[in-house]
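Reading through the structure tokens given below for one structure.
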There are 2 protein chains.
Amino acid sequence: MLPMADRQREDAAPPPFARIAIVGYGLIGASLGLAIKEQWPSTLVVAVDRKDVIEDAMRRHAADVGGDDLGLAGDTELVVLAAPIRTNIRLLAELPAYVAGEALVTDVGSTKRDTVAAARHLPPRLRFVGGHPLAGAATGGIAAARPDLFRGRPWILTPEAPGDSHDALKLGAVLEAIGATVQMLTAQAHDRLVAYLSHLPQLAATALMHVVGARAGEEGLALAGRGLRDTTRLATSPVGVWADILATNTDNVGAAIDELVDTLLRLKADAGAGDPTVRTFASAAEWKRRLDRLFEGS
Amino acid sequence: MLPMADRQREDAAPPPFARIAIVGYGLIGASLGLAIKEQWPSTLVVAVDRKDVIEDAMRRHAADVGGDDLGLAGDTELVVLAAPIRTNIRLLAELPAYVAGEALVTDVGSTKRDTVAAARHLPPRLRFVGGHPLAGAATGGIAAARPDLFRGRPWILTPEAPGDSHDALKLGAVLEAIGATVQMLTAQAHDRLVAYLSHLPQLAATALMHVVGARAGEEGLALAGRGLRDTTRLATSPVGVWADILATNTDNVGAAIDELVDTLLRLKADAGAGDPTVRTFASAAEWKRRLDRLFEGS
């Protein structure tokens, strides 16, 4: 089943895992498959997803074998859950029935606490380390997958018990080899941080576009400038993915929304006249310059 | 005083005004000066601003003569007020003492009601039509000025009385000749529309960056993705300009903030679970696609 090109290439370094299963071949899962095949051509990558997605994955050389049966993950050493968060949580409950031997299990979900909690029910032979690659693209799905998606991007791991650290380091080495910068955080710290870094910007962009579109209408939007366009870039994000994220980070997202609302209402109260407006603008400008410098530096 | 290059070029069309004064040589004023000199080299462009700005304007060939004295506008046929909004309003009160003859007066401020109201006190020989070019750049000031800044961008005019229409058409012809697309709106409709198209995105970006920066800190920001960067692009906007905008559009901005706050709190209440989240995401995605199509079409 291996494409000839892959058979002839040689691994850049000894493969840390001989057989890896990736469950869910969207943007992240398929990009991971591509990255692993590029780095370690001899590693067997097993894809699990709907039949039509698997066909696409095989055509793109993003996997060696595949199908819609979780049993295909049965004989692998690393299982990566790359479906939507609540599907991953369901898969964690099903996995012990399909994987008889030892395996390291990880996921790529955008929230971590609920997934890490569900993984506590795994039998000891299935060791779990949660993960979250902070990488994306304007459009999702396997069609946008590319092997360098994780290059230069953070990949957060959330090991729980001290006993996880060997697994976290082994997994981290794989992720660093495909270009990611690995960071360790607790699941709690992770979920709180992404509520601000990722979930709040998404909700602000969605709410803003919803309000502005309804009030301005198409005729009004024709007069909009690049500011509105950039500020609302995230507004086409698929709600399916976001329903899972919001459902598993409700408390942190709620607190973040409350802070944004407080700041907006303070700006309203002082509109143009007060010192607080000047201070909020100055604080925002300073953080923005730091954010842009961090990107230029990376 | 005219640079040789300008003396030798010929006007593309007969100049509608032989002498134009532009008061305030920031991004908009200086770009307008450049655009007019490019289109009608024989038109005398008079610049009024601080001495160092005028020197810069002359070096850039954005004006023929200039100085820091409003009296320089005295003998012109068109006076363009391109200072911050509340400075323009003060200039409207001073103008009659400096301009003895007839002149058309306009401004380029981002809000219109207060300026239009102040212009009602002008003597009849000074006819006023408010204006607002919807054009900008990442950085302001004369250093970012360019003659094509207005090309393909809307320029809203807000004539008041029916008697203004001749002046609005003459001014509109000048603006269309330098590439802008002229639209007529009442000052009321203008201020309400820009509260949504421009002021709300600015405040959302500022509030978001303020909250996220304070919570994530520099270490957290290092994990941010392009989503946060784009959503907060406007966060470095100069507060000086915005203090004037917010002070002269407080009611509309307040109503727009209230709607954004309501939408955010609804998203919080339904986080991930409810139908309203799906509907808000769907509405935002649909408006965003329309917004992007409008840009691609232009």
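In the structure tokens, the first chain shown is A, the next is B, and so on; residue numbers restart at 1 for each chain, and ligands run from 1 in the order shown.
All residues within region 25-79 of chain A that the backbone DSSP calculation assigns to strand (DSSP E) are Leu44, Val45, Val46, Ala47, Val48, Val65, Gly66, Gly67, Leu78 and Val79 of chain A.
Using only C-alpha atoms, the contacts of region 292-297 of chain B at a cut-off of 10 Å, with sequence neighbours closer than 5 positions omitted, comprise Glu218, Glu219, Leu221, Ala222, Leu223, Ala224, Gly225, Arg226, Arg229 and Arg233 of chain A; Trp287 of chain B.
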Check the DSSP output for the backbone and give back, as a PyMOL selection string, the residues of region 34-212 of chain B in helix (DSSP H, G or I).
-> chain B and resi 34-39+51-59+70-75+85-98+113-119+142-144+162-177+187-212
Using only C-alpha atoms, determine which residues lie at most 8 Å from region 54-63 of chain A, disregarding the query and same-chain residues fewer than 3 positions distant; provide the list as a PDB file with N, CA, C and O atoms, in the first residue's frame.
ATOM      1  N   PRO A   3       3.038   4.247  -1.146  1.00  0.00           N
ATOM      2  CA  PRO A   3       3.405   4.820  -2.453  1.00  0.00           C
ATOM      3  C   PRO A   3       4.910   4.616  -2.678  1.00  0.00           C
ATOM      4  O   PRO A   3       5.693   4.671  -1.739  1.00  0.00           O
ATOM      5  N   TYR A  25      -9.566  13.124  10.037  1.00  0.00           N
ATOM      6  CA  TYR A  25      -8.660  13.695   9.048  1.00  0.00           C
ATOM      7  C   TYR A  25      -9.170  15.033   8.531  1.00  0.00           C
ATOM      8  O   TYR A  25      -9.404  15.224   7.349  1.00  0.00           O
ATOM      9  N   ALA A  30      -4.997  15.607   9.097  1.00  0.00           N
ATOM     10  CA  ALA A  30      -4.366  15.338   7.806  1.00  0.00           C
ATOM     11  C   ALA A  30      -2.996  16.012   7.713  1.00  0.00           C
ATOM     12  O   ALA A  30      -2.047  15.430   7.165  1.00  0.00           O
ATOM     13  N   SER A  31      -2.880  17.238   8.264  1.00  0.00           N
ATOM     14  CA  SER A  31      -1.567  17.908   8.252  1.00  0.00           C
ATOM     15  C   SER A  31      -0.562  17.130   9.086  1.00  0.00           C
ATOM     16  O   SER A  31       0.615  17.003   8.716  1.00  0.00           O
ATOM     17  N   GLY A  33      -0.653  13.874   9.600  1.00  0.00           N
ATOM     18  CA  GLY A  33      -0.305  12.696   8.793  1.00  0.00           C
ATOM     19  C   GLY A  33       0.760  13.036   7.755  1.00  0.00           C
ATOM     20  O   GLY A  33       1.763  12.326   7.607  1.00  0.00           O
ATOM     21  N   LEU A  34       0.568  14.142   7.062  1.00  0.00           N
ATOM     22  CA  LEU A  34       1.541  14.577   6.046  1.00  0.00           C
ATOM     23  C   LEU A  34       2.904  14.855   6.672  1.00  0.00           C
ATOM     24  O   LEU A  34       3.945  14.455   6.130  1.00  0.00           O
ATOM     25  N   LYS A  37       4.619  11.533   7.733  1.00  0.00           N
ATOM     26  CA  LYS A  37       5.123  10.785   6.565  1.00  0.00           C
ATOM     27  C   LYS A  37       6.351  11.480   5.956  1.00  0.00           C
ATOM     28  O   LYS A  37       7.243  10.825   5.435  1.00  0.00           O
ATOM     29  N   LEU A  44       4.293   3.742   9.868  1.00  0.00           N
ATOM     30  CA  LEU A  44       2.982   3.428   9.290  1.00  0.00           C
ATOM     31  C   LEU A  44       1.949   4.391   9.882  1.00  0.00           C
ATOM     32  O   LEU A  44       1.746   4.423  11.109  1.00  0.00           O
ATOM     33  N   VAL A  45       1.317   5.191   9.033  1.00  0.00           N
ATOM     34  CA  VAL A  45       0.273   6.115   9.494  1.00  0.00           C
ATOM     35  C   VAL A  45      -1.092   5.540   9.111  1.00  0.00           C
ATOM     36  O   VAL A  45      -1.381   5.321   7.935  1.00  0.00           O
ATOM     37  N   VAL A  46      -1.914   5.308  10.129  1.00  0.00           N
ATOM     38  CA  VAL A  46      -3.236   4.710   9.956  1.00  0.00           C
ATOM     39  C   VAL A  46      -4.286   5.802  10.121  1.00  0.00           C
ATOM     40  O   VAL A  46      -4.308   6.488  11.154  1.00  0.00           O
ATOM     41  N   ALA A  47      -5.130   5.997   9.115  1.00  0.00           N
ATOM     42  CA  ALA A  47      -6.139   7.051   9.161  1.00  0.00           C
ATOM     43  C   ALA A  47      -7.505   6.462   9.469  1.00  0.00           C
ATOM     44  O   ALA A  47      -7.895   5.446   8.891  1.00  0.00           O
ATOM     45  N   VAL A  48      -8.245   7.110  10.392  1.00  0.00           N
ATOM     46  CA  VAL A  48      -9.624   6.708  10.656  1.00  0.00           C
ATOM     47  C   VAL A  48     -10.535   7.913  10.425  1.00  0.00           C
ATOM     48  O   VAL A  48     -10.346   8.970  11.045  1.00  0.00           O
ATOM     49  N   ASP A  49     -11.484   7.751   9.514  1.00  0.00           N
ATOM     50  CA  ASP A  49     -12.460   8.813   9.223  1.00  0.00           C
ATOM     51  C   ASP A  49     -13.504   8.220   8.281  1.00  0.00           C
ATOM     52  O   ASP A  49     -13.468   7.018   7.999  1.00  0.00           O
ATOM     53  N   ARG A  50     -14.413   9.056   7.779  1.00  0.00           N
ATOM     54  CA  ARG A  50     -15.382   8.597   6.783  1.00  0.00           C
ATOM     55  C   ARG A  50     -14.645   8.116   5.533  1.00  0.00           C
ATOM     56  O   ARG A  50     -13.565   8.621   5.204  1.00  0.00           O
ATOM     57  N   LYS A  51     -15.281   7.159   4.800  1.00  0.00           N
ATOM     58  CA  LYS A  51     -14.622   6.539   3.644  1.00  0.00           C
ATOM     59  C   LYS A  51     -14.143   7.567   2.608  1.00  0.00           C
ATOM     60  O   LYS A  51     -13.037   7.463   2.070  1.00  0.00           O
ATOM     61  N   GLY A  66      -6.166   3.071   5.851  1.00  0.00           N
ATOM     62  CA  GLY A  66      -7.227   3.823   6.503  1.00  0.00           C
ATOM     63  C   GLY A  66      -8.584   3.199   6.304  1.00  0.00           C
ATOM     64  O   GLY A  66      -8.755   2.267   5.507  1.00  0.00           O
ATOM     65  N   GLY A  67      -9.549   3.703   7.067  1.00  0.00           N
ATOM     66  CA  GLY A  67     -10.912   3.232   6.972  1.00  0.00           C
ATOM     67  C   GLY A  67     -11.761   3.912   8.027  1.00  0.00           C
ATOM     68  O   GLY A  67     -11.270   4.770   8.769  1.00  0.00           O
ATOM     69  N   ASP A  68     -13.047   3.517   8.090  1.00  0.00           N
ATOM     70  CA  ASP A  68     -13.940   4.192   9.048  1.00  0.00           C
ATOM     71  C   ASP A  68     -14.110   3.392  10.336  1.00  0.00           C
ATOM     72  O   ASP A  68     -15.020   3.670  11.120  1.00  0.00           O
ATOM     73  N   ILE A 142      -9.480  18.648   5.094  1.00  0.00           N
ATOM     74  CA  ILE A 142      -8.286  18.004   4.542  1.00  0.00           C
ATOM     75  C   ILE A 142      -7.746  18.760   3.324  1.00  0.00           C
ATOM     76  O   ILE A 142      -6.545  18.745   3.052  1.00  0.00           O
TER      77      ILE A 142
END
Near region 73-88 of chain B, counting only C-alpha atoms, which residues have an atom at most 6 Å away, once you skip same-chain residues fewer than 5 positions from it, shown as a list in words?
->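 Here the qualifying residues turn out to be Arg19, Ile20, Ala21, Ile22, Val23, Gly24, Gly29, Tyr98, Val99, Ala103, Leu104, Val105, Thr106, Asp107, Val108, Gly109 and Asp244 of chain B.
Minimum atom-to-atom distance to Gly217 (chain B), evaluated using only C-alpha atoms, belongs to A:Ser283 out of A:Ser42, A:Asn252, A:Ser110, A:Ser283.
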Kindly provide the residues of region 224-282 of chain A that approach region 199-206 of chain B to within 9 Å, each paired with its closest atom pair and their distance in Å to one decimal, based on only C-alpha atoms, listed by chain and increasing number, as a tab-separated table.
residue	atom	partner	partner_atom	distance
A:Gly227	CA	B:Pro201	CA	7.1
A:Leu228	CA	B:Pro201	CA	5.9
A:Thr231	CA	B:Pro201	CA	6.5
A:Thr232	CA	B:Pro201	CA	8.4
A:Leu260	CA	B:Ala204	CA	8.5
A:Leu264	CA	B:Leu203	CA	7.1
A:Leu267	CA	B:Leu203	CA	7.7
A:Thr280	CA	B:Thr206	CA	7.3
A:Phe281	CA	B:Thr206	CA	6.1
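Picture a line from CA of Val212 (chain B) to CA of Asn249 (chain A); it runs 16.4 Å.
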Please provide the set of residues having any atom within 6 Å of region 177-189 of chain A, restricted to only C-alpha atoms, with same-chain residues fewer than 2 positions apart removed, written as a list in words.
->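 Here the answer would be Lys112, Arg113, Phe150, Arg151, Gly152, Arg153, Pro154, Trp155, Ile156, Leu157, Thr158, Val174, Leu175, Asp191 and Arg192 of chain A.
Closest approach to chain A from the set B:Arg125, B:Lys170, B:Arg90, B:His210 is made by B:His210, with distances taken over only C-alpha atoms.
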Rank nothing, just name the residue among B:Ile28, B:Val211, B:Val261, B:Ala168 nearest to Ala137 (chain B), using only C-alpha atoms.
->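 Closest candidate: B:Ile28.
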All residues 9 Å or closer to Leu246 (chain A), only C-alpha atoms, same chain fewer than 3 positions away omitted, as a PyMOL selection string = (chain A and resi 111+199+241-243+249-250+253) or (chain B and resi 268+270-273)
Two-atom distance - CA of Gly71 (chain B), CA of Pro16 (chain B) (Å) =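 Between CA of Gly71 (chain B) and CA of Pro16 (chain B) the gap is 22.1 Å.
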Of the listed residues A:His132, A:His166, A:Arg127, A:His121, that which approaches chain B most closely, counting only C-alpha atoms |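 Ranking A:His132, A:His166, A:Arg127, A:His121 by distance to chain B, first place goes to A:His132.
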